[in-house]
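See below for the structure under consideration.
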Amino acid sequence: MSQAPSKSELWGHPKGLYVLFTAEMWERFSYYGMRALLVLTLVAATEAANPGFGMTDAEALSLYGMYTGLVYFTPLIGGWLADNFLGQRKSILLGGLLMAAAQFTLFAATPHSIELFYVGLGILIAGNGLFKPNISTIVGDLYTQGDARRDSAFSIFYMGINLGAFIAPLITSTLGESADYGWRWGYFAAGVGMTLAVITQGLFFQKYLGDIGKIPGAKRDREAAGGVKKPLTKIEHDRLRVILFLFVFVTVFWLAFEQAGGLMNIYADRFTDRMIGTTEVPAGYFQSLNPLFILLFAPLFSFLWMWLHKKDKSPDAPIKVFTGLILTSIGFVFLILGLFEIQVTGKANMMWLVLAYMFHTLGELCISPVGLSLMTKLAPLRLASLVMGIWFLMPAIASYLAGMVGAFSEEADKYSFSINLAQSIGLEAQYSGLLVVFGGVAVGLLFFAVVLWLISGMLVNWMHGAERAAPTTAVEGVEQELEAVAEHEGLGDKAKKQ
């Protein structure tokens with residue numbers, strides 16, 4: 001006999017919501033805590049006071065790109081397994097156990113065995129694929145269709161993502177970057193976070209969620225569809241064309257954005273003056289800026305879109321994406337300006353990095369909500385899962401390419417073009433690698449922004465009015481912004497609502 005979820009409530013919502021919030025917060029703590037350390041551990045010298053694996057920047061950034069690419073790709077497989085065989089609950093539990101084991105494997109491997117470290121990364125990727133796409137489906141299932149509390153519930157849930165992402169580097173980097181503890185203890189802290197997520201499942205999921213998420217979703221979908229298939233209409237074909245075009249522009253954005261955990265992390269570690277008085281700020285702390293800025297600016301963006309909508313001046317979705325590309329490009333300009341200060345003083349003021357992260361977040365808030373909205377609204381109902389797979393494929397490809405682009409920074413000073421470019425603007429050859437990568441990404445973003453501007457009218461026509469209605473209240477606007485963050489993390493329920 002099936003068990004229904006608990007009807008007990010806290011602050012107007014089922015208690016199961018807060019159980020899911022807690023599990024998700026600790027899982028994101030684990031992921032972002034480890035992400036803040038990965039590249040720095042790989043490039044740390046083997047004979048340093050805080051020894052790492054002694055990789056070159058190019059080797060570390062290439063590995064980082066491959067790792068993050070697979071992190072975004074494997075949810076396609078994990079979602080399929082959950083929908084067809086395992087169900088969400090088993091997938092989340094198995095994924096959590098694998099990720100906890102993986103973090104402790106990284107702890108055991110550092111800094112002695114790179115082979116065991118690779119094993120840990122592989123287990124982490126597999127566990128992430130099972131956990132990431134499935135947990136938020138259960139949030140939606142706590143509420144009946146039409147329940148007015150549903151959107152508010154997802155806003156609460158999405159706060160867990162940013163809370164975990166914000167706190168994680170503050171703890172793992174404090175431990176990992178300290179020679180008194182070492183990198184391995186940062187991974188240990190990430191493992192503790194993931195263990196807490198698993199314990200939350202074991203102690204509270206059945207009590208407060210009942211049997212929600214135990215039956216594979218494809219089984220229910222097949223019963224509802226009745227086995228009837230219809231051909232795509234012309235409007236659906238046009239909308240799929242828009243998705244294919246957006247694939248290019250959104251992938252370019254994520255390629256730029258994903259420099260945060262790679263080359264920008266090295267920039268923070270080696271080239272940024274992180275002293276506040278007599279205290280040095282750990283480089284990983286800068287990884288907390290993006291979730292912090294999301295929490296600060298998401299409400300402002302919601303008010304902006306509402307204000308423009310009321311004046312009938314709300315820009316079309318392609319123009320919002322265009323704006324996001326421009327803002328992200330400006331973020332890299334600040335990093336280039338910091339190079340001139342590095343050349344004079346040896347270190348750049350940390351405000352250059354703070355400004356870069358701020359503008360990257362502003363760009364994300366212009367692109368991620370719009371891109372997600374169009375993916376879910378343009379997708380034919382029967383292709384919703386495939387289209388969401390394309391959404392995951394964008395950051396997967398972008399992350400892999402981002403690692404390759406970042407790795408080029410170490411090789412760029414071997415080319416006369418890079419050296420001449422640096423010298424033409426007054427920079428020494430040793431900074432040509434950072435200049436070429438940051439400058440190249442900035443120019444690339446501007447180029448694709450112009451292309452998008454030129455074809456925006458065509459894309460709007462192909463959408464056939466499918467854009468999501470603008471938010472009408474501040475609460476609804478904030479919910480949309482936070483929801484988009486969750487979908488990029490692979491934790492939203494949009495695909496499941498189709």
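A note on labels: chains of the structure tokens are A, B, ... as shown, every chain counts residues from 1, and ligands are counted from 1 in their shown order.
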Worksheet item: Taking the backbone alone, and naming residues the way the document does, which bits of stretch 271-467 of chain A are helix (DSSP H, G or I) by DSSP, as an MDAnalysis selection string?
Response: chainID A and resid 271 283:310 317:345 350:378 381:410 412:414 416:424 429:463
If we count only C-alpha atoms and set the cut-off at 8 Å, which residues sit around A:Val19, ignoring sequence neighbours fewer than 4 positions away in its own chain? Please answer as a PDB file with C-alpha atoms, in the first residue's frame.
```
ATOM      1  CA  LYS A  15       7.398  19.969   5.898  1.00  0.00           C
ATOM      2  CA  ALA A  23      19.200  17.994   1.183  1.00  0.00           C
ATOM      3  CA  THR A 200      18.665  13.912   5.477  1.00  0.00           C
ATOM      4  CA  GLN A 201      17.253  11.532   2.880  1.00  0.00           C
ATOM      5  CA  PHE A 204      13.232  12.263   6.720  1.00  0.00           C
ATOM      6  CA  PHE A 205      12.351  11.464   3.096  1.00  0.00           C
ATOM      7  CA  TYR A 208       7.608  13.522   5.042  1.00  0.00           C
TER       8      TYR A 208
END
```
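Of the residues listed (A:Phe447, A:Ser424, A:Val198, A:Thr56), A:Phe447 shows the shortest atom-to-atom separation from A:Phe322; distances use only C-alpha atoms.
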Discussion item. Let me make sure I understand: among A:Lys234, A:Lys132, A:His112, A:Arg35, which one has the smallest atom-to-atom distance to A:Gly176 if we use only C-alpha atoms?
Written reply: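 That would be A:Arg35, the residue with the smallest distance to A:Gly176.
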Practice prompt. Write out as a ChimeraX atom specification which residues come within 12 Å of A:Leu246 when counting only C-alpha atoms, dropping same-chain ones fewer than 2 positions away.
Written response: /A:239-244,248-253,317-319,321-322,367-368,370-375,378,387,390-391,394,448-449,451-452,455-456,459-460,463
Discussion item. From the options A:Leu124, A:Leu289, A:Ile161, A:Ile266, which residue's atoms come nearest to A:Ser409, counting only C-alpha atoms?
Written reply: A:Ile266
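The shortest atom-to-atom distance to A:Gly16, with only C-alpha atoms taken into account, belongs to A:Gly140 out of A:Pro299, A:Gly439, A:Gly140, A:Gly95.
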Worksheet item: Pick the closest to A:Met159 from A:Phe21, A:Phe332, A:Phe104, A:Trp254: which is it, counting only C-alpha atoms?
Response: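 Residue with the minimum atom-to-atom distance to A:Met159: A:Phe21.
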Worksheet, complete the sentence: The distance between atom CA of A:Gly122 and atom CA of A:Phe247 is 27.1 Å
Practice prompt. Find the spatial neighbours of A:Asp57, counting only C-alpha atoms, within a cut-off of 7 Å - ignore same-chain residues fewer than 4 positions away - and output them as a PyMOL selection string.
Written response: chain A and resi 43+61+407+410
Discussion item. Residues near A:Leu70, anyone? I mean within 9 Å using only C-alpha atoms, not counting same-chain ones fewer than 2 positions away, as a ChimeraX atom specification.
Written reply: /A:65-68,72-75,125-126,129,396-397,399-400
Fill in: Residue among A:Ala422, A:Leu38, A:Ala82, A:Ile235 lying closest to A:Gly284, counting only C-alpha atoms
A:Leu38
